[in-house]
Amino acid sequence: MPLTNTQYASIMRLYDDIKTANRRMQSDRYNEVTALCPDIADIDSEIIDLSMKTARARIEADSSDTDTDELASSLKSLNERKVAALASIGKPADYLDDIFTCPYCKDSGYVDGKRCICFNKKAIDLIYKDSNLKNITADENFDTFSLSWYNNTDVDPATGLTPYINMQKVLKVCHDFVDNFDNTFSNLLFIENTYIEQTILSNCIARALMDSCHSIIYLTAGEFFDSFKSDDFKEFGSSKFDTSFFVECDLLIIDDLGTETASDYNFSNLFNTINERLLRRKSIIISSNLEMPDIETRYSQRIFSRLVSAYSILRLFGDDIRCMKKLSPTKRS
């Protein structure tokens, strides 16, 4: 499971917190039962002493089998007395046993050297939180994506395709992007004049990859550039994003590129992020309402050349799907 060092450390701190809480609960239980039945504390003391004697007897060469058998029998008797004492105050036999939130890994996060299912669940929850996509709507995923909303009559003069046929092709590219994400390095650039389809598609991709525990972060262009300012200039305050994560995460999504203030500072940070992720072979999805000639004019040649050479450029056109869904929740036939 691909996690940043920061994310991994955060998950392990959760396990430390769980262990601390469970130890506190176990201590409270012990105080409870010994207050009700003081004999339990005496029995526990005897069990500890006898357990140490049994352990020494097993490793000492001059200890006979009879000695160890007698010690084991005495230990069994003490445990039976403890169970009876617990029962006398209405407590089950395992009431004072170690408490584990996860019975599989015993709150270590690992089973036989592999990450436990509880670790994976914590990772998914953390990835969603860190991604800035906590509010992905339930209907913006590949399972619910419907082509029936797209016009299959009007032909776009630039491509010779209807919105329906174009979206079929784009959707296949998006599926391939997810299906081959771990084996093939690729980047996507969505070009559209309304942001509607590109946002939905970015959410579909993000949802699919986060559900398979990939680390993703989504930002609008404004959030992306402001994060650098918060790092570099105190007057901008603090950002919830560590900009180092922009080159560490598995997938970076930058939405609405072109809406930010044009400045050498912003463009330098954009170039450095794009270039560093190219060198690390880590994917980016960028969406913009700018056409390619406008991108070339607005940004440096270094940025434009990398977008042209290393990104699959997907042009989107058609109706405002979200608006259509609000006006008519029934799909087109």
# chains A, B, ... in the order shown; residues from 1 in each chain; ligands from 1

$ residues_around --residues "range 13-23 of chain A" --least-positions-apart "5" --cutoff "8 Å" --atoms "only C-alpha atoms" --output "VMD selection string"
chain A and resid 98 to 101 107 to 109

$ write_last_selection --atoms "N, CA and C atoms" --output "compact mmCIF listing (two decimals), in the first residue's frame"
# COMPACT_ATOMS: atom_id res chain seq x y z
N ASP A 98 -5.89 -9.53 28.34
CA ASP A 98 -5.47 -8.38 27.53
C ASP A 98 -6.60 -7.99 26.58
N ILE A 99 -6.79 -6.69 26.41
CA ILE A 99 -7.86 -6.18 25.55
C ILE A 99 -7.26 -5.73 24.22
N PHE A 100 -7.84 -6.23 23.12
CA PHE A 100 -7.38 -5.86 21.78
C PHE A 100 -8.57 -5.40 20.96
N THR A 101 -8.43 -4.25 20.31
CA THR A 101 -9.48 -3.77 19.43
C THR A 101 -9.57 -4.64 18.18
N ASP A 107 -3.66 -5.28 17.61
CA ASP A 107 -3.38 -3.84 17.59
C ASP A 107 -1.93 -3.51 17.26
N SER A 108 -1.29 -4.40 16.51
CA SER A 108 0.06 -4.11 16.03
C SER A 108 0.03 -3.58 14.60
N GLY A 109 -1.05 -3.86 13.87
CA GLY A 109 -1.17 -3.45 12.48
C GLY A 109 -0.66 -4.49 11.51

$ closest_atom_pairs --of "range 241-269 of chain A" --to "range 211-221 of chain A" --cutoff "7 Å" --atoms "only C-alpha atoms" --output "Markdown table"
| residue | atom | partner | partner_atom | distance |
| --- | --- | --- | --- | --- |
| A:Cys249 | CA | A:Ser215 | CA | 5.2 |
| A:Asp250 | CA | A:Ser215 | CA | 5.1 |
| A:Leu251 | CA | A:Ile216 | CA | 4.8 |
| A:Leu252 | CA | A:Ile217 | CA | 5.2 |
| A:Ile253 | CA | A:Tyr218 | CA | 4.7 |
| A:Ile254 | CA | A:Leu219 | CA | 5.2 |
| A:Asp255 | CA | A:Thr220 | CA | 4.4 |
| A:Asp256 | CA | A:Ala221 | CA | 5.6 |
| A:Leu257 | CA | A:Ala221 | CA | 5.1 |
| A:Thr259 | CA | A:Ala221 | CA | 6.8 |
| A:Glu260 | CA | A:Ala221 | CA | 6.0 |

$ residues_around --residues "Arg302 in chain A" --least-positions-apart "6" --cutoff "12 Å" --atoms "only C-alpha atoms" --output "CSV table (one decimal) with C-alpha atoms, in the first residue's frame"
chain,number,residue,atom,x,y,z
A,267,PHE,CA,4.6,29.3,-12.5
A,268,SER,CA,7.9,28.4,-11.0
A,270,LEU,CA,4.0,24.7,-11.0
A,271,PHE,CA,7.0,23.8,-13.2
A,272,ASN,CA,8.9,22.4,-10.3
A,274,ILE,CA,5.3,18.9,-12.7
A,275,ASN,CA,9.0,18.3,-13.4
A,295,ILE,CA,-1.9,27.5,-22.1
A,296,GLU,CA,1.1,28.0,-24.4
A,308,VAL,CA,2.3,18.3,-24.6
A,309,SER,CA,4.9,15.6,-24.4

$ residues_around --residues "Ala84 in chain A" --least-positions-apart "6" --cutoff "12 Å" --atoms "only C-alpha atoms" --output "list in words"
Cys37, Asp39, Ile40, Ile43, Ser77, Leu78, Gly90, Lys91, Pro92, Ala93 and Asp94 of chain A

$ write_last_selection --atoms "C-alpha atoms" --output "PDB file, in the first residue's frame"
ATOM      1  CA  CYS A  37     -12.903  -9.226  45.622  1.00  0.00           C
ATOM      2  CA  ASP A  39      -8.531 -12.165  46.961  1.00  0.00           C
ATOM      3  CA  ILE A  40      -8.042 -11.734  43.215  1.00  0.00           C
ATOM      4  CA  ILE A  43      -4.179 -14.903  43.544  1.00  0.00           C
ATOM      5  CA  SER A  77      -5.258 -24.598  40.241  1.00  0.00           C
ATOM      6  CA  LEU A  78      -4.551 -20.907  40.840  1.00  0.00           C
ATOM      7  CA  GLY A  90     -20.476 -11.712  38.159  1.00  0.00           C
ATOM      8  CA  LYS A  91     -17.500 -11.335  35.811  1.00  0.00           C
ATOM      9  CA  PRO A  92     -16.579 -13.674  32.905  1.00  0.00           C
ATOM     10  CA  ALA A  93     -13.393 -15.731  33.002  1.00  0.00           C
ATOM     11  CA  ASP A  94     -11.656 -13.539  30.400  1.00  0.00           C
TER      12      ASP A  94
END

$ residues_around --residues "Asp143 in chain A" --least-positions-apart "6" --cutoff "12 Å" --atoms "only C-alpha atoms" --output "PyMOL selection string"
chain A and resi 175+201+204-205+207-208

$ select_by_dssp --residues "range 56-293 of chain A" --states "alpha helix (DSSP H)" --output "PyMOL selection string"
chain A and resi 56-59+65-88+117-130+163-179+196-211+221-232+245-248+264-280+292-293

$ atom_distance --atom1 "CA of Asn187 in chain A" --atom2 "CA of Asp232 in chain A"
27.9 Å

$ atom_distance --atom1 "CA of Tyr95 in chain A" --atom2 "CA of Met25 in chain A"
10.8 Å

$ select_by_dssp --residues "range 47-223 of chain A" --states "strand (DSSP E)" --output "PyMOL selection string"
chain A and resi 110-111+114-115+188-191+216-220

$ atom_distance --atom1 "CA of Phe190 in chain A" --atom2 "CA of Arg315 in chain A"
5.9 Å

$ closest_residue --among "A:Phe317, A:Glu291, A:Phe142, A:Val111" --to "Lys172 in chain A" --atoms "only C-alpha atoms"
A:Phe142
